[in-house]
Amino acid sequence: MTDDLLLGRARELWTELAVMPVEFLSGGANVVVSPGSGLCPPLWTGVVILGGAGIVTAPSVHAAQLMAEASRKLSHEELVDEDRLRAVLPVLDVLGPASLFYLDRLDFLPAHGGAAVEEVLCGAGELASLLTRAGEEDAGESGLEDITSPAFVLRDGDDVAAAAGYRAWPRSVAHLSVLVAPGCRGRGLARVVASAAVTHVLDAGLLPQWRARPHSSRRVAHALGFQELGSQLSVRLGDGGDSVHR
């Protein structure tokens, strides 16, 4: 699969999540009013940049006008830069930015560790211990609690040291989640469990998606052969920018 095919599939996903009709247009960011958008939390504005083109969903006409004006002033890179957005918009809060990675089977670089990766049912109680040990922030960032696939785990004694899985998204996309216990990081465990999850994704004929904010997560994605195609950011606007369009 070429980069263009990967990019096309990624864009199809995000335009569907936008709910309202919108297209990635080169040379600018296409802004639409979409209160039910899946690009961002409710009442927020979502920005997705893929392959040098962007889409923006806003919860109200006023927020859309603010974002359209900002998109005329800022480059694509600046539209997912918190500092630049704060300089031109009434920003109350920001989530992200997160890098968006996708993988073609031909580019996959599997990783194998010394210990065997086990497959356990999602929702298994033993994952709860890993989520607790990782802490609320890291657990929430990982998205592991929301996976719909089996979990692929490595153990350290009786405890789960690392786990990975994925959540089924529209357009046959599998959104990957990886979490390693705090005392077990730096040993390459994330790459091994993620590799097992990615293998499961590819065998199911799905498109692997990796969304990363920390540098360590981006490093694992690159090591497995993922290509970074863009970025995502959610912003909550003030001055009426977060009021719902009627």
# chains A, B, ... in the order shown; residues from 1 in each chain; ligands from 1
>>> residues_around(residues="range 127-134 of chain A", least_positions_apart="6", cutoff="10 Å", atoms="only C-alpha atoms", output="PyMOL selection string")
chain A and resi 120-121+140+142-145+151+153+159-163+179-183
>>> residues_around(residues="Trp210 in chain A", least_positions_apart="6", cutoff="9 Å", atoms="only C-alpha atoms", output="ChimeraX atom specification")
/A:99-103,174-177,217-218,221,226,228
>>> atom_distance(atom1="CA of Thr45 in chain A", atom2="CA of Trp14 in chain A")
13.9 Å
>>> select_by_dssp(residues="range 60-188 of chain A", states="strand (DSSP E or B)", output="ChimeraX atom specification")
/A:91-102,118-120,151-156,159-169,173-180
>>> residues_around(residues="Glu69 in chain A", least_positions_apart="5", cutoff="10 Å", atoms="only C-alpha atoms", output="list in words")
Val31, Ala63, Ala64, Leu74, Val88 and Leu89 of chain A
>>> closest_residue(among="A:Pro170, A:Pro110, A:Asp81, A:Glu136", to="Leu207 in chain A", atoms="only C-alpha atoms")
A:Pro170
>>> closest_residue(among="A:Trp169, A:Asp4, A:Ala29, A:Val178", to="Asp138 in chain A", atoms="only C-alpha atoms")
A:Val178
>>> select_by_dssp(residues="range 18-160 of chain A", states="alpha helix (DSSP H)", output="VMD selection string")
chain A and resid 61 to 73 76 to 79 82 to 88 125 to 134 136 to 142
>>> residues_around(residues="Asp93 in chain A", least_positions_apart="6", cutoff="12 Å", atoms="only C-alpha atoms", output="list in words")
Pro41, Leu43, Trp44, Thr45, Glu82, Asp83, Leu85, Arg86, Leu233, Ser234, Val235, Arg236, Leu237, Gly238, Gly241 and Asp242 of chain A
>>> write_last_selection(atoms="N, CA and C atoms", output="PDB file, in the first residue's frame")
ATOM      1  N   PRO A  41     -14.208  16.248  21.879  1.00  0.00           N
ATOM      2  CA  PRO A  41     -15.282  16.093  22.872  1.00  0.00           C
ATOM      3  C   PRO A  41     -16.471  17.009  22.533  1.00  0.00           C
ATOM      4  N   LEU A  43     -19.012  19.959  22.429  1.00  0.00           N
ATOM      5  CA  LEU A  43     -18.879  21.406  22.628  1.00  0.00           C
ATOM      6  C   LEU A  43     -17.461  21.918  22.382  1.00  0.00           C
ATOM      7  N   TRP A  44     -16.571  21.073  21.888  1.00  0.00           N
ATOM      8  CA  TRP A  44     -15.216  21.483  21.555  1.00  0.00           C
ATOM      9  C   TRP A  44     -15.100  21.635  20.043  1.00  0.00           C
ATOM     10  N   THR A  45     -13.984  22.179  19.614  1.00  0.00           N
ATOM     11  CA  THR A  45     -13.638  22.287  18.199  1.00  0.00           C
ATOM     12  C   THR A  45     -12.513  21.309  17.903  1.00  0.00           C
ATOM     13  N   GLU A  82      -0.544  24.746  20.146  1.00  0.00           N
ATOM     14  CA  GLU A  82      -1.323  25.408  21.197  1.00  0.00           C
ATOM     15  C   GLU A  82      -0.943  26.874  21.353  1.00  0.00           C
ATOM     16  N   ASP A  83       0.347  27.191  21.361  1.00  0.00           N
ATOM     17  CA  ASP A  83       0.784  28.573  21.573  1.00  0.00           C
ATOM     18  C   ASP A  83       0.299  29.493  20.458  1.00  0.00           C
ATOM     19  N   LEU A  85      -2.328  29.006  18.499  1.00  0.00           N
ATOM     20  CA  LEU A  85      -3.776  29.138  18.593  1.00  0.00           C
ATOM     21  C   LEU A  85      -4.163  30.135  19.680  1.00  0.00           C
ATOM     22  N   ARG A  86      -3.484  30.053  20.809  1.00  0.00           N
ATOM     23  CA  ARG A  86      -3.799  30.977  21.912  1.00  0.00           C
ATOM     24  C   ARG A  86      -3.510  32.430  21.530  1.00  0.00           C
ATOM     25  N   LEU A 233      -5.900  17.786  17.126  1.00  0.00           N
ATOM     26  CA  LEU A 233      -5.966  18.638  18.312  1.00  0.00           C
ATOM     27  C   LEU A 233      -7.418  19.018  18.558  1.00  0.00           C
ATOM     28  N   SER A 234      -7.791  19.105  19.827  1.00  0.00           N
ATOM     29  CA  SER A 234      -9.118  19.579  20.220  1.00  0.00           C
ATOM     30  C   SER A 234      -8.955  20.842  21.053  1.00  0.00           C
ATOM     31  N   VAL A 235      -9.814  21.815  20.822  1.00  0.00           N
ATOM     32  CA  VAL A 235      -9.716  23.088  21.526  1.00  0.00           C
ATOM     33  C   VAL A 235     -11.108  23.534  21.976  1.00  0.00           C
ATOM     34  N   ARG A 236     -11.172  24.066  23.184  1.00  0.00           N
ATOM     35  CA  ARG A 236     -12.424  24.627  23.702  1.00  0.00           C
ATOM     36  C   ARG A 236     -12.287  26.140  23.686  1.00  0.00           C
ATOM     37  N   LEU A 237     -13.198  26.778  22.976  1.00  0.00           N
ATOM     38  CA  LEU A 237     -13.131  28.215  22.780  1.00  0.00           C
ATOM     39  C   LEU A 237     -14.056  28.977  23.715  1.00  0.00           C
ATOM     40  N   GLY A 238     -13.634  30.164  24.093  1.00  0.00           N
ATOM     41  CA  GLY A 238     -14.457  31.038  24.916  1.00  0.00           C
ATOM     42  C   GLY A 238     -15.182  32.069  24.068  1.00  0.00           C
ATOM     43  N   GLY A 241     -17.642  30.772  21.772  1.00  0.00           N
ATOM     44  CA  GLY A 241     -17.190  29.799  20.803  1.00  0.00           C
ATOM     45  C   GLY A 241     -17.563  28.392  21.136  1.00  0.00           C
ATOM     46  N   ASP A 242     -17.988  28.126  22.389  1.00  0.00           N
ATOM     47  CA  ASP A 242     -18.337  26.764  22.764  1.00  0.00           C
ATOM     48  C   ASP A 242     -19.848  26.590  22.936  1.00  0.00           C
TER      49      ASP A 242
END
>>> closest_residue(among="A:Gly188, A:Pro208, A:Pro42, A:Pro214", to="Gly113 in chain A", atoms="only C-alpha atoms")
A:Gly188
>>> closest_residue(among="A:Gly186, A:Gly51, A:Gly205, A:Pro90", to="Arg171 in chain A", atoms="only C-alpha atoms")
A:Gly205
>>> closest_residue(among="A:Gly8, A:Pro150, A:Gly125, A:Gly27", to="Gly54 in chain A", atoms="only C-alpha atoms")
A:Gly27
>>> atom_distance(atom1="CA of Gly28 in chain A", atom2="CA of Val61 in chain A")
18.7 Å
>>> atom_distance(atom1="CA of Val56 in chain A", atom2="CA of Arg211 in chain A")
17.8 Å
>>> closest_residue(among="A:Leu66, A:Val47, A:Met20, A:Ala164", to="His200 in chain A", atoms="only C-alpha atoms")
A:Ala164
